$ cat entry19.cif   # mmCIF, C-alpha atoms and all ligand atoms
data_coords
#
loop_
_atom_site.group_PDB
_atom_site.id
_atom_site.type_symbol
_atom_site.label_atom_id
_atom_site.label_comp_id
_atom_site.auth_asym_id
_atom_site.auth_seq_id
_atom_site.Cartn_x
_atom_site.Cartn_y
_atom_site.Cartn_z
ATOM 1 C CA MET A 1 45.710 47.893 87.410
ATOM 2 C CA THR A 2 46.572 51.543 87.802
ATOM 3 C CA TYR A 3 45.707 53.914 90.550
ATOM 4 C CA ALA A 4 45.339 57.528 89.509
ATOM 5 C CA GLU A 5 43.077 59.728 91.566
ATOM 6 C CA GLY A 6 44.426 63.145 90.657
ATOM 7 C CA LEU A 7 44.322 65.862 93.249
ATOM 8 C CA ASP A 8 40.560 66.079 93.943
ATOM 9 C CA PRO A 9 40.203 66.860 97.672
ATOM 10 C CA ASP A 10 36.592 65.604 97.666
ATOM 11 C CA ILE A 11 37.580 62.038 96.805
ATOM 12 C CA PRO A 12 39.069 59.947 99.622
ATOM 13 C CA HIS A 13 42.690 59.393 98.768
ATOM 14 C CA ALA A 14 44.819 56.407 99.824
ATOM 15 C CA ALA A 15 48.002 58.269 100.727
ATOM 16 C CA ARG A 16 46.149 61.070 102.533
ATOM 17 C CA MET A 17 43.972 58.613 104.503
ATOM 18 C CA TRP A 18 47.080 56.709 105.531
ATOM 19 C CA ASN A 19 48.633 60.011 106.563
ATOM 20 C CA TYR A 20 45.489 60.752 108.650
ATOM 21 C CA TRP A 21 45.544 57.357 110.388
ATOM 22 C CA MET A 22 49.241 57.837 111.053
ATOM 23 C CA GLY A 23 48.529 61.129 112.834
ATOM 24 C CA GLY A 24 49.723 63.447 110.010
ATOM 25 C CA THR A 25 48.131 66.687 108.802
ATOM 26 C CA ASP A 26 48.314 66.297 104.992
ATOM 27 C CA ASN A 27 44.685 65.273 104.544
ATOM 28 C CA PHE A 28 41.256 66.744 103.713
ATOM 29 C CA PRO A 29 37.716 66.324 105.174
ATOM 30 C CA ALA A 30 36.839 63.570 102.649
ATOM 31 C CA ASP A 31 39.918 61.595 103.693
ATOM 32 C CA ARG A 32 39.075 62.012 107.389
ATOM 33 C CA ALA A 33 35.396 61.078 106.879
ATOM 34 C CA THR A 34 36.281 57.813 105.122
ATOM 35 C CA GLY A 35 39.146 57.234 107.530
ATOM 36 C CA ASP A 36 36.768 57.621 110.496
ATOM 37 C CA ALA A 37 34.135 55.334 108.897
ATOM 38 C CA VAL A 38 36.717 52.569 108.499
ATOM 39 C CA ALA A 39 38.041 53.208 112.019
ATOM 40 C CA GLN A 40 34.533 52.827 113.483
ATOM 41 C CA ILE A 41 34.442 49.272 112.184
ATOM 42 C CA TYR A 42 38.130 48.534 112.588
ATOM 43 C CA PRO A 43 39.610 50.906 115.198
ATOM 44 C CA GLU A 44 43.010 49.193 114.937
ATOM 45 C CA ILE A 45 43.575 50.788 111.501
ATOM 46 C CA ALA A 46 45.265 53.808 113.105
ATOM 47 C CA LEU A 47 47.432 51.466 115.165
ATOM 48 C CA MET A 48 48.290 49.532 112.008
ATOM 49 C CA ALA A 49 49.461 52.757 110.324
ATOM 50 C CA ARG A 50 51.622 53.696 113.306
ATOM 51 C CA PHE A 51 52.942 50.169 113.897
ATOM 52 C CA SER A 52 53.816 49.925 110.201
ATOM 53 C CA ARG A 53 56.035 52.983 110.522
ATOM 54 C CA GLN A 54 57.736 51.421 113.552
ATOM 55 C CA PHE A 55 58.301 48.265 111.467
ATOM 56 C CA LEU A 56 59.790 50.386 108.668
ATOM 57 C CA ILE A 57 62.126 52.083 111.144
ATOM 58 C CA ARG A 58 63.295 48.778 112.667
ATOM 59 C CA ALA A 59 63.745 47.121 109.264
ATOM 60 C CA VAL A 60 65.653 50.048 107.704
ATOM 61 C CA ARG A 61 67.845 50.325 110.822
ATOM 62 C CA TYR A 62 68.608 46.614 110.619
ATOM 63 C CA LEU A 63 69.439 46.877 106.914
ATOM 64 C CA ALA A 64 71.619 49.988 107.233
ATOM 65 C CA ALA A 65 73.354 49.122 110.505
ATOM 66 C CA GLU A 66 73.559 45.306 110.581
ATOM 67 C CA ALA A 67 73.268 44.157 106.953
ATOM 68 C CA GLY A 68 75.356 47.077 105.650
ATOM 69 C CA ILE A 69 72.912 48.020 102.873
ATOM 70 C CA PRO A 70 73.877 51.368 101.321
ATOM 71 C CA GLN A 71 70.907 51.836 98.927
ATOM 72 C CA PHE A 72 67.115 51.809 99.330
ATOM 73 C CA LEU A 73 64.360 51.704 96.701
ATOM 74 C CA ASP A 74 61.076 52.445 98.502
ATOM 75 C CA ILE A 75 58.132 51.711 96.178
ATOM 76 C CA GLY A 76 54.715 53.202 97.048
ATOM 77 C CA THR A 77 56.370 55.685 99.361
ATOM 78 C CA GLY A 78 53.257 57.589 100.429
ATOM 79 C CA LEU A 79 53.276 61.077 101.909
ATOM 80 C CA PRO A 80 56.318 61.944 103.978
ATOM 81 C CA THR A 81 55.471 61.670 107.664
ATOM 82 C CA MET A 82 57.672 61.001 110.642
ATOM 83 C CA GLN A 83 60.912 58.997 110.312
ATOM 84 C CA ASN A 84 60.861 58.351 106.595
ATOM 85 C CA THR A 85 63.196 55.811 105.007
ATOM 86 C CA HIS A 86 65.857 58.413 104.126
ATOM 87 C CA GLU A 87 65.923 59.851 107.635
ATOM 88 C CA VAL A 88 66.386 56.449 109.237
ATOM 89 C CA ALA A 89 68.975 55.188 106.719
ATOM 90 C CA GLN A 90 70.940 58.435 106.441
ATOM 91 C CA GLY A 91 70.882 58.733 110.233
ATOM 92 C CA ILE A 92 73.099 55.645 110.170
ATOM 93 C CA HIS A 93 74.957 56.180 106.872
ATOM 94 C CA PRO A 94 74.823 59.867 105.848
ATOM 95 C CA ASP A 95 75.700 58.936 102.260
ATOM 96 C CA ALA A 96 73.057 56.178 101.915
ATOM 97 C CA ARG A 97 71.243 56.514 98.583
ATOM 98 C CA ILE A 98 67.439 56.592 98.711
ATOM 99 C CA VAL A 99 65.054 56.473 95.763
ATOM 100 C CA TYR A 100 61.340 56.929 96.338
ATOM 101 C CA VAL A 101 58.807 55.637 93.810
ATOM 102 C CA ASP A 102 55.086 56.395 93.716
ATOM 103 C CA ASN A 103 52.497 56.561 90.946
ATOM 104 C CA ASP A 104 50.739 59.529 92.522
ATOM 105 C CA PRO A 105 52.002 62.956 91.370
ATOM 106 C CA MET A 106 50.706 64.568 94.577
ATOM 107 C CA VAL A 107 52.856 62.254 96.679
ATOM 108 C CA LEU A 108 55.906 63.115 94.590
ATOM 109 C CA ALA A 109 55.186 66.837 94.831
ATOM 110 C CA HIS A 110 55.439 66.471 98.631
ATOM 111 C CA ALA A 111 58.447 64.204 98.389
ATOM 112 C CA ARG A 112 60.338 66.711 96.226
ATOM 113 C CA SER A 113 60.441 69.081 99.183
ATOM 114 C CA LEU A 114 62.801 66.636 100.911
ATOM 115 C CA ALA A 115 66.533 66.991 100.471
ATOM 116 C CA SER A 116 69.002 64.153 99.876
ATOM 117 C CA THR A 117 66.653 61.774 98.039
ATOM 118 C CA ASN A 118 65.572 61.000 94.481
ATOM 119 C CA TYR A 119 62.085 60.322 93.127
ATOM 120 C CA ILE A 120 60.593 58.314 90.325
ATOM 121 C CA LEU A 121 57.020 58.737 89.160
ATOM 122 C CA GLY A 122 56.304 55.104 88.438
ATOM 123 C CA ASP A 123 53.724 52.349 88.686
ATOM 124 C CA TYR A 124 54.883 49.057 90.184
ATOM 125 C CA HIS A 125 52.969 47.291 87.434
ATOM 126 C CA ASP A 126 55.760 48.416 85.137
ATOM 127 C CA PRO A 127 58.823 47.240 87.074
ATOM 128 C CA GLU A 128 61.066 47.458 84.005
ATOM 129 C CA ALA A 129 60.383 51.196 83.698
ATOM 130 C CA ILE A 130 61.160 51.690 87.395
ATOM 131 C CA LEU A 131 64.365 49.677 87.028
ATOM 132 C CA ALA A 132 65.463 51.693 83.981
ATOM 133 C CA GLU A 133 65.215 54.939 85.951
ATOM 134 C CA ALA A 134 66.514 53.491 89.209
ATOM 135 C CA ALA A 135 69.613 52.145 87.432
ATOM 136 C CA MET A 136 70.638 55.758 86.783
ATOM 137 C CA LEU A 137 70.355 56.609 90.484
ATOM 138 C CA LEU A 138 71.507 53.421 92.231
ATOM 139 C CA ASP A 139 74.401 51.012 91.673
ATOM 140 C CA PHE A 140 72.834 47.580 91.102
ATOM 141 C CA GLY A 141 76.307 46.061 91.464
ATOM 142 C CA ARG A 142 76.027 46.746 95.201
ATOM 143 C CA PRO A 143 73.213 45.499 97.467
ATOM 144 C CA VAL A 144 69.901 47.365 97.369
ATOM 145 C CA ALA A 145 66.930 47.099 99.745
ATOM 146 C CA VAL A 146 63.719 46.971 97.703
ATOM 147 C CA MET A 147 60.749 47.999 99.827
ATOM 148 C CA PHE A 148 57.011 47.389 99.330
ATOM 149 C CA MET A 149 55.442 48.694 102.529
ATOM 150 C CA GLY A 150 51.675 48.202 102.693
ATOM 151 C CA VAL A 151 51.101 48.801 98.984
ATOM 152 C CA MET A 152 50.475 45.466 97.292
ATOM 153 C CA GLY A 153 46.810 45.070 98.340
ATOM 154 C CA TYR A 154 45.920 47.368 95.422
ATOM 155 C CA GLU A 155 46.821 44.470 93.130
ATOM 156 C CA PRO A 156 44.301 41.608 93.355
ATOM 157 C CA ASP A 157 46.436 38.922 91.657
ATOM 158 C CA LEU A 158 49.098 37.348 93.878
ATOM 159 C CA GLY A 159 50.883 35.941 90.814
ATOM 160 C CA VAL A 160 51.290 39.478 89.455
ATOM 161 C CA ILE A 161 52.792 40.598 92.770
ATOM 162 C CA ARG A 162 55.288 37.737 92.797
ATOM 163 C CA SER A 163 56.282 38.515 89.246
ATOM 164 C CA ILE A 164 56.772 42.230 90.064
ATOM 165 C CA VAL A 165 58.977 41.350 93.051
ATOM 166 C CA ASP A 166 61.002 38.829 91.029
ATOM 167 C CA THR A 167 61.526 41.342 88.210
ATOM 168 C CA MET A 168 62.617 44.057 90.624
ATOM 169 C CA LEU A 169 65.151 41.836 92.377
ATOM 170 C CA ALA A 170 66.531 40.118 89.257
ATOM 171 C CA PRO A 171 69.198 42.724 88.338
ATOM 172 C CA MET A 172 70.131 43.453 91.962
ATOM 173 C CA ALA A 173 73.421 42.260 93.456
ATOM 174 C CA SER A 174 73.656 39.265 95.762
ATOM 175 C CA GLY A 175 73.048 40.511 99.310
ATOM 176 C CA SER A 176 70.157 42.711 98.181
ATOM 177 C CA HIS A 177 67.039 42.491 100.355
ATOM 178 C CA LEU A 178 63.257 42.584 99.993
ATOM 179 C CA VAL A 179 61.281 44.365 102.730
ATOM 180 C CA PHE A 180 57.572 43.713 102.479
ATOM 181 C CA TRP A 181 54.544 43.988 104.713
ATOM 182 C CA ASP A 182 50.842 43.947 104.033
ATOM 183 C CA GLY A 183 47.466 43.803 105.741
ATOM 184 C CA THR A 184 46.153 40.289 106.463
ATOM 185 C CA ASN A 185 42.625 38.876 106.559
ATOM 186 C CA THR A 186 43.275 37.493 110.031
ATOM 187 C CA THR A 187 40.188 38.832 111.860
ATOM 188 C CA PRO A 188 36.572 39.439 110.745
ATOM 189 C CA GLU A 189 36.929 43.060 111.896
ATOM 190 C CA VAL A 190 39.768 43.911 109.522
ATOM 191 C CA VAL A 191 37.898 42.291 106.626
ATOM 192 C CA ALA A 192 34.790 44.356 107.475
ATOM 193 C CA GLY A 193 36.991 47.474 107.619
ATOM 194 C CA ALA A 194 38.352 46.793 104.114
ATOM 195 C CA GLU A 195 34.799 46.305 102.849
ATOM 196 C CA LYS A 196 33.807 49.647 104.370
ATOM 197 C CA LEU A 197 36.747 51.351 102.687
ATOM 198 C CA ALA A 198 35.629 50.151 99.247
ATOM 199 C CA GLU A 199 31.984 51.019 100.012
ATOM 200 C CA MET A 200 32.962 54.602 100.955
ATOM 201 C CA GLY A 201 34.736 55.169 97.640
ATOM 202 C CA GLY A 202 38.280 54.481 98.831
ATOM 203 C CA VAL A 203 40.606 52.509 96.557
ATOM 204 C CA PRO A 204 39.763 48.837 97.309
ATOM 205 C CA TYR A 205 42.476 47.034 99.258
ATOM 206 C CA LEU A 206 42.756 43.237 99.163
ATOM 207 C CA LEU A 207 43.816 41.593 102.409
ATOM 208 C CA ARG A 208 45.588 38.239 102.139
ATOM 209 C CA SER A 209 46.501 35.375 104.433
ATOM 210 C CA PRO A 210 49.990 35.178 105.959
ATOM 211 C CA ALA A 211 50.546 31.977 103.913
ATOM 212 C CA GLU A 212 49.827 33.873 100.696
ATOM 213 C CA LEU A 213 52.176 36.691 101.679
ATOM 214 C CA ALA A 214 54.891 34.142 102.489
ATOM 215 C CA THR A 215 55.029 33.114 98.815
ATOM 216 C CA VAL A 216 56.277 36.593 97.894
ATOM 217 C CA PHE A 217 59.557 35.637 99.628
ATOM 218 C CA ASP A 218 60.048 32.379 97.703
ATOM 219 C CA GLY A 219 63.700 32.031 96.706
ATOM 220 C CA LEU A 220 64.913 34.472 99.381
ATOM 221 C CA THR A 221 66.391 33.686 102.791
ATOM 222 C CA LEU A 222 64.211 35.166 105.502
ATOM 223 C CA VAL A 223 66.019 37.194 108.132
ATOM 224 C CA GLU A 224 65.049 36.159 111.691
ATOM 225 C CA PRO A 225 62.274 36.050 112.910
ATOM 226 C CA GLY A 226 60.804 35.390 109.438
ATOM 227 C CA LEU A 227 57.332 36.468 108.356
ATOM 228 C CA VAL A 228 55.455 37.586 111.475
ATOM 229 C CA GLU A 229 52.989 40.214 112.635
ATOM 230 C CA ILE A 230 54.855 43.464 112.032
ATOM 231 C CA THR A 231 54.798 44.276 115.751
ATOM 232 C CA LYS A 232 56.697 41.036 116.417
ATOM 233 C CA TRP A 233 59.530 41.669 113.952
ATOM 234 C CA ARG A 234 62.534 42.415 116.186
ATOM 235 C CA PRO A 235 60.396 44.408 118.636
ATOM 236 C CA ALA A 236 61.915 46.866 121.069
ATOM 237 C CA GLY A 237 59.580 45.827 123.903
ATOM 238 C CA GLU A 238 56.050 44.567 124.458
ATOM 239 C CA THR A 239 54.163 43.658 121.277
ATOM 240 C CA GLU A 240 50.499 43.956 120.355
ATOM 241 C CA HIS A 241 48.403 41.943 117.910
ATOM 242 C CA ILE A 242 47.857 43.574 114.525
ATOM 243 C CA ASP A 243 46.397 42.235 111.269
ATOM 244 C CA ALA A 244 49.544 42.878 109.240
ATOM 245 C CA TYR A 245 52.495 40.620 108.469
ATOM 246 C CA GLY A 246 55.926 41.556 107.259
ATOM 247 C CA ALA A 247 59.419 40.196 106.741
ATOM 248 C CA VAL A 248 62.862 40.942 105.389
ATOM 249 C CA GLY A 249 64.368 38.475 102.892
ATOM 250 C CA ARG A 250 67.915 38.281 101.537
ATOM 251 C CA LYS A 251 68.843 37.456 97.959
ATOM 252 C CA SER A 252 71.733 34.967 97.693
HETATM 253 C C1 LIG B 301 49.211 53.278 102.203
HETATM 254 S S1 LIG B 301 50.080 54.443 101.253
HETATM 255 C C2 LIG B 301 51.783 54.433 101.679
HETATM 256 C C3 LIG B 301 52.383 53.505 102.611
HETATM 257 C C4 LIG B 301 53.842 53.786 102.801
HETATM 258 N N1 LIG B 301 54.639 52.845 102.019
HETATM 259 C C5 LIG B 301 54.165 53.667 104.263
HETATM 260 O O1 LIG B 301 54.870 52.745 104.652
HETATM 261 O O2 LIG B 301 53.697 54.515 105.032
HETATM 262 C C6 LIG B 301 50.096 53.650 99.677
HETATM 263 C C7 LIG B 301 50.928 54.356 98.620
HETATM 264 O O3 LIG B 301 51.090 53.457 97.510
HETATM 265 C C8 LIG B 301 51.019 54.210 96.321
HETATM 266 N N2 LIG B 301 50.633 53.310 95.228
HETATM 267 C C9 LIG B 301 49.440 52.691 95.035
HETATM 268 N N3 LIG B 301 49.462 51.955 93.924
HETATM 269 C C10 LIG B 301 50.709 52.098 93.389
HETATM 270 C C11 LIG B 301 51.332 51.587 92.212
HETATM 271 N N4 LIG B 301 50.660 50.780 91.380
HETATM 272 N N5 LIG B 301 52.612 51.944 91.960
HETATM 273 C C12 LIG B 301 53.278 52.778 92.795
HETATM 274 N N6 LIG B 301 52.741 53.310 93.937
HETATM 275 C C13 LIG B 301 51.459 52.965 94.216
HETATM 276 C C14 LIG B 301 49.948 55.259 96.612
HETATM 277 O O4 LIG B 301 50.044 56.370 95.739
HETATM 278 C C15 LIG B 301 50.264 55.613 98.062
HETATM 279 O O5 LIG B 301 51.153 56.690 98.145
#
$ encode --input "entry19.cif" --output "structure tokens"
Amino acid sequence: MTYAEGLDPDIPHAARMWNYWMGGTDNFPADRATGDAVAQIYPEIALMARFSRQFLIRAVRYLAAEAGIPQFLDIGTGLPTMQNTHEVAQGIHPDARIVYVDNDPMVLAHARSLASTNYILGDYHDPEAILAEAAMLLDFGRPVAVMFMGVMGYEPDLGVIRSIVDTMLAPMASGSHLVFWDGTNTTPEVVAGAEKLAEMGGVPYLLRSPAELATVFDGLTLVEPGLVEITKWRPAGETEHIDAYGAVGRKS
């Protein structure tokens, strides 16, 4: 499955809608209209976008500061907003290497305005092509954090997702990590919100159960606290419920 929407501002666009829900300004009226329609049915979508960024920040900080990971491959990067992967990682290790991957040329056009990072125009359905380019930018002999942050619901087949993750991690050094979160079908409201998104012309997004998402980490050692609601992964304070689960797993 590919996802290529071009730059038409009249068609609701996944990265721009996510940017809108996250409180960013890189979005158009069509993105806001669909974003608002989904939010009417599932108001927590904006919270999910913001909580997901907090999860990214906590996970990348853990990986850079505690696990000593010097390289990050962030696949399905989305539009740059606040506290992107490179800012968090390079805030800890100024020479951390970051490679962003997205299949949307508009996203990469924005990303190119950022210093100190590299970009690959690539589709995660072709992990070998991503690896071939990434191998020129990262040292696979040292640990890499491979990140899939809220992007795998575009692929309806869980087996395909597991195969993509396995292929991506195969050439990576021992001590490499997978960071993964996705929306879950854990309340009727979030399921209705996803249905509304598809109905309004947004790119359909498949929500899965936490048990299904857990299988993506098969063969890896989960870092404490395991696969949990993203708000409950090493939280800084009080946590709120959200229909999204995530984890960090280590390759032996
Ligand atoms: C919800 S947004 C970005 C979320 C972002 N990772 C974050 O944490 O804020 C989803 C992104 O995934 C990208 N994407 C969708 N399908 C993709 C694919 N098959 N390969 C690579 N990127 C993809 C979209 O272009 C979009 O930028």
$ residues_around --input "entry19.cif" --residues "A:Leu131" --least-positions-apart "4" --cutoff "9 Å" --atoms "all atoms listed in the file" --output "PyMOL selection string"
chain A and resi 126-127+135-136+167-168+171
$ residues_near_ligand --input "entry19.cif" --ligand "ligand LIG 301 (chain B)" --cutoff "8 Å" --atoms "all atoms listed in the file" --output "PyMOL selection string"
chain A and resi 1-4+14-19+49+52-53+56+74-81+101-104+107+121-125+148-152+154-155
$ atom_distance --input "entry19.cif" --atom1 "atom CA of A:Val160" --atom2 "atom CA of A:Ala214"
14.5 Å
$ atom_distance --input "entry19.cif" --atom1 "atom CA of A:Ser252" --atom2 "atom CA of A:Ala173"
8.6 Å
$ resolve_selection --input "entry19.cif" --expression "the PyMOL selection byres (((chain A and resi 177) around 10) and not hetatm)" --output "PyMOL selection string"
chain A and resi 63+67+69+72+143-147+169+172-176+178-180+220-223+248-252
$ atom_distance --input "entry19.cif" --atom1 "atom CA of A:Arg162" --atom2 "atom CA of A:Gly226"
17.7 Å
$ resolve_selection --input "entry19.cif" --expression "the PyMOL selection byres (((chain A and resi 32) around 9) and not hetatm)" --output "VMD selection string"
chain A and resid 12 16 to 17 20 to 21 27 to 31 33 to 37
$ residues_around --input "entry19.cif" --residues "stretch 42-45 of chain A" --least-positions-apart "2" --cutoff "8 Å" --atoms "only C-alpha atoms" --output "PyMOL selection string"
chain A and resi 21+38-40+47-49+189-190+192-193+242
$ decode --input "entry19.cif" --residues "stretch 131-221 of chain A" --atoms "C-alpha atoms" --output "PDB file, in the first residue's frame"
ATOM      1  CA  LEU A 131      18.185   0.421   4.527  1.00  0.00           C
ATOM      2  CA  ALA A 132      20.338   0.882   1.411  1.00  0.00           C
ATOM      3  CA  GLU A 133      20.181   4.667   1.777  1.00  0.00           C
ATOM      4  CA  ALA A 134      20.360   4.675   5.568  1.00  0.00           C
ATOM      5  CA  ALA A 135      23.517   2.533   5.473  1.00  0.00           C
ATOM      6  CA  MET A 136      25.287   5.463   3.796  1.00  0.00           C
ATOM      7  CA  LEU A 137      24.250   7.823   6.598  1.00  0.00           C
ATOM      8  CA  LEU A 138      24.358   5.626   9.713  1.00  0.00           C
ATOM      9  CA  ASP A 139      26.833   3.053  11.035  1.00  0.00           C
ATOM     10  CA  PHE A 140      24.881  -0.203  11.417  1.00  0.00           C
ATOM     11  CA  GLY A 141      27.835  -1.612  13.364  1.00  0.00           C
ATOM     12  CA  ARG A 142      26.763   0.614  16.263  1.00  0.00           C
ATOM     13  CA  PRO A 143      23.303   0.608  17.886  1.00  0.00           C
ATOM     14  CA  VAL A 144      20.498   2.434  16.082  1.00  0.00           C
ATOM     15  CA  ALA A 145      17.031   3.369  17.369  1.00  0.00           C
ATOM     16  CA  VAL A 146      14.454   2.561  14.685  1.00  0.00           C
ATOM     17  CA  MET A 147      11.278   4.557  15.245  1.00  0.00           C
ATOM     18  CA  PHE A 148       7.732   4.000  13.938  1.00  0.00           C
ATOM     19  CA  MET A 149       5.673   6.629  15.742  1.00  0.00           C
ATOM     20  CA  GLY A 150       1.957   6.462  14.956  1.00  0.00           C
ATOM     21  CA  VAL A 151       2.433   5.454  11.322  1.00  0.00           C
ATOM     22  CA  MET A 152       1.672   1.756  10.972  1.00  0.00           C
ATOM     23  CA  GLY A 153      -2.150   2.047  10.947  1.00  0.00           C
ATOM     24  CA  TYR A 154      -1.874   2.927   7.241  1.00  0.00           C
ATOM     25  CA  GLU A 155      -0.955  -0.715   6.653  1.00  0.00           C
ATOM     26  CA  PRO A 156      -3.913  -3.066   7.221  1.00  0.00           C
ATOM     27  CA  ASP A 157      -1.928  -6.332   7.433  1.00  0.00           C
ATOM     28  CA  LEU A 158      -0.215  -6.953  10.776  1.00  0.00           C
ATOM     29  CA  GLY A 159       1.997  -9.627   9.193  1.00  0.00           C
ATOM     30  CA  VAL A 160       3.340  -7.035   6.744  1.00  0.00           C
ATOM     31  CA  ILE A 161       4.147  -4.694   9.638  1.00  0.00           C
ATOM     32  CA  ARG A 162       6.019  -7.404  11.527  1.00  0.00           C
ATOM     33  CA  SER A 163       7.981  -8.268   8.428  1.00  0.00           C
ATOM     34  CA  ILE A 164       8.895  -4.593   7.828  1.00  0.00           C
ATOM     35  CA  VAL A 165      10.104  -4.236  11.430  1.00  0.00           C
ATOM     36  CA  ASP A 166      12.093  -7.485  11.262  1.00  0.00           C
ATOM     37  CA  THR A 167      13.729  -6.446   7.980  1.00  0.00           C
ATOM     38  CA  MET A 168      14.646  -3.026   9.340  1.00  0.00           C
ATOM     39  CA  LEU A 169      16.239  -4.424  12.492  1.00  0.00           C
ATOM     40  CA  ALA A 170      18.025  -7.381  10.862  1.00  0.00           C
ATOM     41  CA  PRO A 171      21.251  -5.566   9.834  1.00  0.00           C
ATOM     42  CA  MET A 172      21.370  -3.416  12.980  1.00  0.00           C
ATOM     43  CA  ALA A 173      23.927  -4.037  15.728  1.00  0.00           C
ATOM     44  CA  SER A 174      23.057  -5.772  18.980  1.00  0.00           C
ATOM     45  CA  GLY A 175      21.817  -3.102  21.397  1.00  0.00           C
ATOM     46  CA  SER A 176      19.726  -1.437  18.690  1.00  0.00           C
ATOM     47  CA  HIS A 177      16.178  -0.537  19.740  1.00  0.00           C
ATOM     48  CA  LEU A 178      12.680  -0.400  18.262  1.00  0.00           C
ATOM     49  CA  VAL A 179      10.431   2.483  19.355  1.00  0.00           C
ATOM     50  CA  PHE A 180       6.844   1.992  18.288  1.00  0.00           C
ATOM     51  CA  TRP A 181       3.454   3.359  19.222  1.00  0.00           C
ATOM     52  CA  ASP A 182       0.087   3.236  17.543  1.00  0.00           C
ATOM     53  CA  GLY A 183      -3.578   4.020  18.081  1.00  0.00           C
ATOM     54  CA  THR A 184      -5.622   1.226  19.696  1.00  0.00           C
ATOM     55  CA  ASN A 185      -9.255   0.185  19.283  1.00  0.00           C
ATOM     56  CA  THR A 186      -9.737   0.380  23.041  1.00  0.00           C
ATOM     57  CA  THR A 187     -12.896   2.538  23.187  1.00  0.00           C
ATOM     58  CA  PRO A 188     -15.961   2.810  20.901  1.00  0.00           C
ATOM     59  CA  GLU A 189     -15.272   6.551  20.589  1.00  0.00           C
ATOM     60  CA  VAL A 190     -11.830   6.152  19.035  1.00  0.00           C
ATOM     61  CA  VAL A 191     -13.179   3.558  16.593  1.00  0.00           C
ATOM     62  CA  ALA A 192     -15.990   5.956  15.595  1.00  0.00           C
ATOM     63  CA  GLY A 193     -13.382   8.711  15.153  1.00  0.00           C
ATOM     64  CA  ALA A 194     -11.337   6.529  12.776  1.00  0.00           C
ATOM     65  CA  GLU A 195     -14.496   5.744  10.808  1.00  0.00           C
ATOM     66  CA  LYS A 196     -15.233   9.465  10.524  1.00  0.00           C
ATOM     67  CA  LEU A 197     -11.718  10.125   9.268  1.00  0.00           C
ATOM     68  CA  ALA A 198     -12.142   7.637   6.411  1.00  0.00           C
ATOM     69  CA  GLU A 199     -15.653   8.948   5.651  1.00  0.00           C
ATOM     70  CA  MET A 200     -14.327  12.531   5.356  1.00  0.00           C
ATOM     71  CA  GLY A 201     -11.717  11.533   2.778  1.00  0.00           C
ATOM     72  CA  GLY A 202      -8.755  11.224   5.140  1.00  0.00           C
ATOM     73  CA  VAL A 203      -6.321   8.346   4.628  1.00  0.00           C
ATOM     74  CA  PRO A 204      -7.952   5.398   6.473  1.00  0.00           C
ATOM     75  CA  TYR A 205      -6.164   4.450   9.684  1.00  0.00           C
ATOM     76  CA  LEU A 206      -6.538   0.965  11.176  1.00  0.00           C
ATOM     77  CA  LEU A 207      -6.618   0.806  14.960  1.00  0.00           C
ATOM     78  CA  ARG A 208      -5.449  -2.436  16.570  1.00  0.00           C
ATOM     79  CA  SER A 209      -5.647  -4.095  19.961  1.00  0.00           C
ATOM     80  CA  PRO A 210      -2.735  -3.815  22.406  1.00  0.00           C
ATOM     81  CA  ALA A 211      -2.258  -7.608  22.048  1.00  0.00           C
ATOM     82  CA  GLU A 212      -1.816  -7.226  18.290  1.00  0.00           C
ATOM     83  CA  LEU A 213       0.672  -4.393  18.740  1.00  0.00           C
ATOM     84  CA  ALA A 214       2.614  -6.499  21.254  1.00  0.00           C
ATOM     85  CA  THR A 215       3.475  -9.000  18.501  1.00  0.00           C
ATOM     86  CA  VAL A 216       5.500  -6.319  16.706  1.00  0.00           C
ATOM     87  CA  PHE A 217       8.030  -6.624  19.567  1.00  0.00           C
ATOM     88  CA  ASP A 218       8.404 -10.414  19.317  1.00  0.00           C
ATOM     89  CA  GLY A 219      12.070 -11.354  19.674  1.00  0.00           C
ATOM     90  CA  LEU A 220      12.992  -8.077  21.406  1.00  0.00           C
ATOM     91  CA  THR A 221      13.419  -7.415  25.122  1.00  0.00           C
TER      92      THR A 221
END
